[in-house]
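A.B. asks: Structure supplied as structure.cif; contents: mmCIF, C-alpha atoms.
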```cif
data_data
#
loop_
_atom_site.label_atom_id
_atom_site.label_comp_id
_atom_site.auth_asym_id
_atom_site.auth_seq_id
_atom_site.Cartn_x
_atom_site.Cartn_y
_atom_site.Cartn_z
CA MET A 1 -103.95 107.18 77.16
CA LYS A 2 -101.49 104.59 75.93
CA TYR A 3 -100.70 103.55 79.50
CA THR A 4 -104.23 103.61 80.84
CA LEU A 5 -105.05 100.01 80.04
CA PRO A 6 -101.92 98.44 81.56
CA ALA A 7 -102.32 100.68 84.59
CA LEU A 8 -105.91 99.59 84.95
CA LEU A 9 -104.91 95.94 84.67
CA VAL A 10 -102.22 96.35 87.29
CA SER A 11 -104.57 98.11 89.68
CA LEU A 12 -107.19 95.43 89.13
CA LEU A 13 -104.62 92.76 89.81
CA LEU A 14 -103.51 94.53 92.98
CA SER A 15 -107.04 95.03 94.20
CA PHE A 16 -107.80 91.34 93.64
CA ASN A 17 -104.64 90.49 95.49
CA ALA A 18 -105.60 92.72 98.39
CA SER A 19 -109.13 91.36 98.50
CA ALA A 20 -107.73 87.83 98.86
CA MET A 21 -107.22 88.49 102.56
CA THR A 22 -108.10 91.72 104.25
CA LEU A 23 -106.56 92.95 107.45
CA GLN A 24 -109.93 92.59 109.15
CA ASP A 25 -110.10 88.90 108.08
CA ALA A 26 -106.59 88.35 109.41
CA LYS A 27 -107.45 90.02 112.73
CA ASN A 28 -110.75 88.17 113.11
CA ASN A 29 -109.02 84.85 112.49
CA ALA A 30 -106.21 85.67 114.94
CA LEU A 31 -103.61 85.36 112.18
CA VAL A 32 -102.02 88.67 113.14
CA GLY A 33 -101.46 90.49 116.41
CA GLU A 34 -101.13 94.13 117.41
CA GLN A 35 -97.75 94.87 119.00
CA ILE A 36 -96.98 97.58 121.57
CA ASN A 37 -94.52 99.17 119.13
CA GLY A 38 -97.32 100.15 116.75
CA TYR A 39 -96.77 97.46 114.16
CA LEU A 40 -98.52 94.22 113.28
CA ALA A 41 -96.96 90.84 113.93
CA VAL A 42 -97.59 87.51 112.23
CA ILE A 43 -99.20 85.04 114.62
CA THR A 44 -100.05 82.21 112.23
CA SER A 45 -97.61 82.27 109.36
CA SER A 46 -98.38 81.81 105.70
CA ALA A 47 -97.07 83.56 102.62
CA GLU A 48 -100.29 85.53 102.41
CA VAL A 49 -100.19 86.70 106.03
CA GLU A 50 -96.50 87.60 105.80
CA ALA A 51 -97.15 89.68 102.69
CA LEU A 52 -100.12 91.40 104.28
CA VAL A 53 -98.21 92.28 107.45
CA THR A 54 -95.15 93.54 105.54
CA ASP A 55 -97.33 95.72 103.35
CA ILE A 56 -99.37 97.16 106.21
CA ASN A 57 -96.36 97.83 108.41
CA ALA A 58 -94.60 99.70 105.61
CA LYS A 59 -97.68 101.87 105.14
CA ARG A 60 -98.04 102.43 108.89
CA LEU A 61 -94.40 103.51 109.09
CA GLN A 62 -95.00 106.13 106.39
CA HIS A 63 -97.95 107.57 108.29
CA TYR A 64 -96.09 107.52 111.61
CA GLN A 65 -93.17 109.34 110.00
CA ARG A 66 -95.47 111.94 108.49
CA ILE A 67 -97.23 112.63 111.81
CA ALA A 68 -93.95 112.62 113.73
CA GLN A 69 -92.30 115.12 111.40
CA LYS A 70 -95.30 117.39 111.43
CA ASN A 71 -95.34 117.54 115.22
CA GLY A 72 -91.65 117.35 115.99
CA LEU A 73 -91.82 113.96 117.66
CA SER A 74 -89.92 110.74 117.12
CA THR A 75 -91.48 108.16 114.83
CA ALA A 76 -91.22 105.57 117.59
CA SER A 77 -93.19 107.68 120.07
CA VAL A 78 -95.96 108.30 117.53
CA ALA A 79 -96.01 104.57 116.76
CA LYS A 80 -96.34 103.80 120.47
CA LEU A 81 -99.28 106.17 120.85
CA ALA A 82 -100.91 104.52 117.84
CA ALA A 83 -100.38 101.11 119.44
CA GLU A 84 -102.13 102.19 122.64
CA LYS A 85 -105.12 103.34 120.64
CA ALA A 86 -105.18 100.30 118.35
CA ILE A 87 -104.98 97.89 121.27
CA GLU A 88 -107.68 99.75 123.17
CA ALA A 89 -109.94 99.71 120.11
CA ALA A 90 -109.34 96.02 119.31
CA ASN A 91 -112.42 93.81 119.04
CA THR A 92 -113.08 90.70 121.09
CA GLY A 93 -110.99 87.80 119.82
CA HIS A 94 -108.24 89.98 118.44
CA ILE A 95 -104.65 89.31 119.48
CA TYR A 96 -102.58 92.05 121.09
CA GLN A 97 -99.47 92.49 123.19
CA ASP A 98 -99.81 93.57 126.80
CA LYS A 99 -97.40 96.07 128.38
CA LYS A 100 -94.88 93.32 129.08
CA GLY A 101 -94.98 92.20 125.45
CA MET A 102 -96.94 89.01 126.14
CA TRP A 103 -99.61 87.99 123.65
CA GLN A 104 -103.17 88.28 124.89
CA THR A 105 -106.61 87.81 123.37
CA LYS A 106 -109.20 90.50 123.84
CA MET B 107 -58.26 169.44 142.66
CA LEU B 108 -59.09 168.50 139.04
CA ILE B 109 -59.10 164.79 139.80
CA SER B 110 -61.48 165.22 142.69
CA LEU B 111 -63.88 167.26 140.52
CA VAL B 112 -63.90 164.64 137.75
CA SER B 113 -64.41 161.81 140.13
CA ALA B 114 -67.21 163.70 141.83
CA CYS B 115 -69.03 163.92 138.51
CA THR B 116 -68.73 160.23 137.68
CA PRO B 117 -72.15 158.74 138.19
CA THR B 118 -72.32 155.40 139.84
CA VAL B 119 -74.99 153.15 138.38
CA ARG B 120 -74.95 149.69 139.66
CA ILE B 121 -77.22 146.98 138.41
CA GLU B 122 -77.15 143.89 140.44
CA PRO B 123 -78.55 140.89 138.65
CA SER B 124 -80.76 138.61 140.65
CA ASP B 125 -78.89 135.56 141.80
CA LYS B 126 -81.94 133.46 140.98
CA PRO B 127 -82.30 132.43 137.33
CA ILE B 128 -85.45 133.45 135.52
CA VAL B 129 -87.20 130.32 134.36
CA ILE B 130 -90.22 130.37 132.07
CA ASN B 131 -91.60 126.93 131.65
CA LEU B 132 -93.83 126.42 128.62
CA ASN B 133 -93.09 122.75 128.10
CA VAL B 134 -96.30 121.50 129.66
CA LYS B 135 -98.54 123.55 127.40
CA ILE B 136 -96.58 122.74 124.24
CA GLU B 137 -96.54 119.04 125.04
CA HIS B 138 -100.25 119.16 125.75
CA ASP B 139 -100.99 120.84 122.42
CA ILE B 140 -98.86 118.35 120.51
CA ARG B 141 -100.52 115.47 122.31
CA ILE B 142 -103.99 116.70 121.32
CA LYS B 143 -102.94 117.24 117.70
CA VAL B 144 -101.29 113.84 117.44
CA ASP B 145 -104.25 112.20 119.14
CA LYS B 146 -106.59 113.56 116.51
CA GLU B 147 -104.34 112.56 113.63
CA LEU B 148 -103.98 109.07 115.04
CA ASP B 149 -107.73 108.75 115.51
CA ASN B 150 -108.15 109.58 111.83
CA LEU B 151 -105.44 107.10 110.91
CA LEU B 152 -107.01 104.33 112.98
CA GLU B 153 -110.26 104.70 111.06
CA ASN B 154 -108.46 103.36 107.99
CA GLU B 155 -109.46 99.69 107.96
CA GLN B 156 -106.69 98.90 105.47
CA LEU B 157 -104.12 99.83 108.11
CA PHE B 158 -105.73 99.10 111.49
#
```
Please render this file's structure as structure tokens.
C.D. replies:
Amino acid sequence: MKYTLPALLVSLLLSFNASAMTLQDAKNNALVGEQINGYLAVITSSAEVEALVTDINAKRLQHYQRIAQKNGLSTASVAKLAAEKAIEAANTGHIYQDKKGMWQTK
Amino acid sequence: MLISLVSACTPTVRIEPSDKPIVINLNVKIEHDIRIKVDKELDNLLENEQLF
């Protein structure tokens, strides 16, 4: 009970921080791009975008590792499969890497 | 006389192994199953708008 209030404050702070720029905002404004390795890249740099991309990529890595371990695959191969899906599902205007690693706009 | 009797009673069983190796290939099915499982898990993951 003693720690509930600080924990609440921290989570509020974090949620405000996260709501400052969402991934969808960043994608829609072409600030980030989807790479063929399964991770996001910064296209237009700012402290906010860098922080967002670092955070998301760390979380993606955790999920890739979990799925890879569960299925006896390498993390990189799971990440690559995710990239194919993410790029295929990207909306018009979103930035992605083609198979040669060149940046394209959907 | 004794030797010839003993040798006459020795059975000869010869098993000749096939010179071709026996190969059972299950890789395709296993890979296919994994691919389907991973596909589904990734589809679920991609629905998370915080990550994709």
A.B. asks: Residues of chain B within 9 Å of chain A, counting all atoms listed in the file, what are they? List them as a PyMOL selection string.
C.D. replies: chain B and resi 140+143-145+147-149+151-152+155-158
A.B. asks: What is the CA of Ala51 in chain A-CA of Ile95 in chain A distance in Å, reported with one decimal?
C.D. replies: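 Here the two named atoms are 18.4 Å from each other.
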A.B. asks: Just checking: using all atoms listed in the file, which residue out of A:His94, A:Ala20, A:Leu52, A:Asn37 ends up closest to Lys106 in chain A?
C.D. replies: A:His94
A.B. asks: From the set A:Val42, A:Ala47, A:Ile36, A:Thr75, which residue has the shortest atom-to-atom contact distance to Gln62 in chain A, counting all atoms listed in the file?
C.D. replies: A:Thr75
A.B. asks: Which value, in Å to one decimal, gives the distance between CA of Lys100 in chain A and CA of Ser74 in chain A?
C.D. replies: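 Going from CA of Lys100 in chain A over to CA of Ser74 in chain A, I get 21.7 Å.
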A.B. asks: In Å, how far is it from CA of Thr92 in chain A to CA of Met21 in chain A?
C.D. replies: 19.6 Å
A.B. asks: So what does the PyMOL selection byres ((chain A and resi 43) around 8) actually pick up in this one, as a list in words?
C.D. replies: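 Against this file, the PyMOL selection byres ((chain A and resi 43) around 8) returns the residues Ala30, Leu31, Val32, Gly33, Ala41, Val42, Thr44 and Ser45 of chain A.
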A.B. asks: Restrict the output to range 108-158 of chain B and N, CA and C atoms, then write it as a short mmCIF file (atom, residue, chain, number, x, y, z; two decimals), in the first residue's frame.
C.D. replies:
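Output contents, as saved in out_19.cif:
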```cif
data_model
loop_
_atom_site.label_atom_id
_atom_site.label_comp_id
_atom_site.auth_asym_id
_atom_site.auth_seq_id
_atom_site.Cartn_x
_atom_site.Cartn_y
_atom_site.Cartn_z
N LEU B 108 35.21 -86.02 -35.03
CA LEU B 108 34.53 -85.12 -34.10
C LEU B 108 34.42 -83.73 -34.69
N ILE B 109 35.51 -83.27 -35.25
CA ILE B 109 35.55 -81.91 -35.82
C ILE B 109 34.52 -81.77 -36.93
N SER B 110 34.42 -82.77 -37.74
CA SER B 110 33.48 -82.67 -38.86
C SER B 110 32.04 -82.69 -38.37
N LEU B 111 31.77 -83.39 -37.27
CA LEU B 111 30.41 -83.41 -36.70
C LEU B 111 30.05 -82.04 -36.15
N VAL B 112 30.99 -81.47 -35.39
CA VAL B 112 30.75 -80.14 -34.78
C VAL B 112 30.52 -79.09 -35.87
N SER B 113 31.37 -79.14 -36.84
CA SER B 113 31.24 -78.12 -37.89
C SER B 113 29.95 -78.32 -38.69
N ALA B 114 29.50 -79.54 -38.77
CA ALA B 114 28.26 -79.80 -39.50
C ALA B 114 27.07 -79.24 -38.76
N CYS B 115 27.21 -79.13 -37.42
CA CYS B 115 26.09 -78.62 -36.63
C CYS B 115 26.10 -77.11 -36.48
N THR B 116 27.15 -76.46 -36.92
CA THR B 116 27.21 -75.01 -36.77
C THR B 116 26.29 -74.34 -37.80
N PRO B 117 25.27 -73.69 -37.31
CA PRO B 117 24.37 -73.05 -38.27
C PRO B 117 25.00 -71.80 -38.90
N THR B 118 24.71 -71.61 -40.08
CA THR B 118 25.24 -70.41 -40.75
C THR B 118 24.08 -69.44 -41.00
N VAL B 119 24.10 -68.37 -40.25
CA VAL B 119 23.08 -67.32 -40.45
C VAL B 119 23.80 -66.07 -40.93
N ARG B 120 23.47 -65.70 -42.07
CA ARG B 120 24.14 -64.49 -42.58
C ARG B 120 23.11 -63.39 -42.85
N ILE B 121 23.39 -62.28 -42.25
CA ILE B 121 22.51 -61.12 -42.52
C ILE B 121 23.33 -60.11 -43.31
N GLU B 122 22.86 -59.86 -44.45
CA GLU B 122 23.59 -58.87 -45.26
C GLU B 122 22.85 -57.54 -45.22
N PRO B 123 23.48 -56.55 -44.64
CA PRO B 123 22.80 -55.25 -44.62
C PRO B 123 22.71 -54.66 -46.03
N SER B 124 21.65 -53.93 -46.22
CA SER B 124 21.49 -53.27 -47.52
C SER B 124 22.60 -52.25 -47.68
N ASP B 125 23.11 -52.16 -48.88
CA ASP B 125 24.18 -51.17 -49.08
C ASP B 125 23.63 -49.75 -49.24
N LYS B 126 22.28 -49.67 -49.33
CA LYS B 126 21.69 -48.33 -49.42
C LYS B 126 21.26 -47.86 -48.03
N PRO B 127 21.61 -46.67 -47.62
CA PRO B 127 21.20 -46.19 -46.30
C PRO B 127 19.70 -45.96 -46.25
N ILE B 128 19.14 -46.19 -45.09
CA ILE B 128 17.71 -45.93 -44.89
C ILE B 128 17.55 -44.47 -44.47
N VAL B 129 16.85 -43.73 -45.25
CA VAL B 129 16.69 -42.30 -44.95
C VAL B 129 15.20 -42.00 -44.74
N ILE B 130 14.90 -41.46 -43.58
CA ILE B 130 13.52 -41.03 -43.32
C ILE B 130 13.55 -39.51 -43.18
N ASN B 131 12.92 -38.86 -44.06
CA ASN B 131 13.02 -37.41 -44.08
C ASN B 131 11.73 -36.76 -43.57
N LEU B 132 11.83 -36.21 -42.36
CA LEU B 132 10.66 -35.56 -41.75
C LEU B 132 10.84 -34.04 -41.70
N ASN B 133 11.93 -33.57 -42.22
CA ASN B 133 12.24 -32.14 -42.11
C ASN B 133 11.16 -31.25 -42.67
N VAL B 134 10.62 -31.63 -43.81
CA VAL B 134 9.66 -30.78 -44.49
C VAL B 134 8.44 -30.55 -43.61
N LYS B 135 7.92 -31.64 -43.04
CA LYS B 135 6.72 -31.52 -42.22
C LYS B 135 6.99 -30.69 -40.97
N ILE B 136 8.12 -30.97 -40.31
CA ILE B 136 8.46 -30.23 -39.09
C ILE B 136 8.61 -28.74 -39.39
N GLU B 137 9.33 -28.45 -40.46
CA GLU B 137 9.52 -27.04 -40.82
C GLU B 137 8.20 -26.37 -41.12
N HIS B 138 7.32 -27.12 -41.77
CA HIS B 138 6.01 -26.59 -42.14
C HIS B 138 5.21 -26.27 -40.88
N ASP B 139 5.22 -27.20 -39.93
CA ASP B 139 4.50 -26.99 -38.67
C ASP B 139 5.02 -25.77 -37.92
N ILE B 140 6.35 -25.68 -37.85
CA ILE B 140 6.96 -24.54 -37.14
C ILE B 140 6.57 -23.24 -37.82
N ARG B 141 6.62 -23.26 -39.14
CA ARG B 141 6.30 -22.07 -39.92
C ARG B 141 4.87 -21.59 -39.62
N ILE B 142 3.94 -22.53 -39.55
CA ILE B 142 2.55 -22.18 -39.28
C ILE B 142 2.40 -21.62 -37.86
N LYS B 143 3.07 -22.27 -36.91
CA LYS B 143 3.00 -21.81 -35.52
C LYS B 143 3.59 -20.41 -35.37
N VAL B 144 4.75 -20.21 -35.97
CA VAL B 144 5.43 -18.91 -35.88
C VAL B 144 4.61 -17.84 -36.58
N ASP B 145 4.03 -18.20 -37.70
CA ASP B 145 3.19 -17.28 -38.46
C ASP B 145 2.07 -16.74 -37.59
N LYS B 146 1.43 -17.63 -36.88
CA LYS B 146 0.30 -17.25 -36.03
C LYS B 146 0.76 -16.36 -34.88
N GLU B 147 1.87 -16.73 -34.29
CA GLU B 147 2.38 -15.93 -33.17
C GLU B 147 2.80 -14.54 -33.64
N LEU B 148 3.37 -14.49 -34.83
CA LEU B 148 3.78 -13.19 -35.36
C LEU B 148 2.57 -12.34 -35.73
N ASP B 149 1.53 -12.98 -36.25
CA ASP B 149 0.31 -12.24 -36.57
C ASP B 149 -0.26 -11.60 -35.31
N ASN B 150 -0.25 -12.36 -34.23
CA ASN B 150 -0.72 -11.82 -32.95
C ASN B 150 0.15 -10.65 -32.50
N LEU B 151 1.46 -10.84 -32.66
CA LEU B 151 2.41 -9.80 -32.25
C LEU B 151 2.22 -8.52 -33.06
N LEU B 152 1.97 -8.68 -34.35
CA LEU B 152 1.84 -7.52 -35.22
C LEU B 152 0.55 -6.72 -34.97
N GLU B 153 -0.37 -7.34 -34.25
CA GLU B 153 -1.59 -6.61 -33.90
C GLU B 153 -1.35 -5.59 -32.78
N ASN B 154 -0.22 -5.73 -32.11
CA ASN B 154 0.12 -4.81 -31.02
C ASN B 154 0.62 -3.48 -31.60
N GLU B 155 -0.22 -2.47 -31.52
CA GLU B 155 0.09 -1.18 -32.15
C GLU B 155 1.21 -0.42 -31.43
N GLN B 156 1.55 -0.89 -30.22
CA GLN B 156 2.67 -0.27 -29.51
C GLN B 156 4.01 -0.75 -30.09
N LEU B 157 3.95 -1.86 -30.80
CA LEU B 157 5.20 -2.47 -31.28
C LEU B 157 5.33 -2.43 -32.80
N PHE B 158 4.19 -2.45 -33.50
CA PHE B 158 4.22 -2.47 -34.97
C PHE B 158 3.26 -1.47 -35.59
#
```
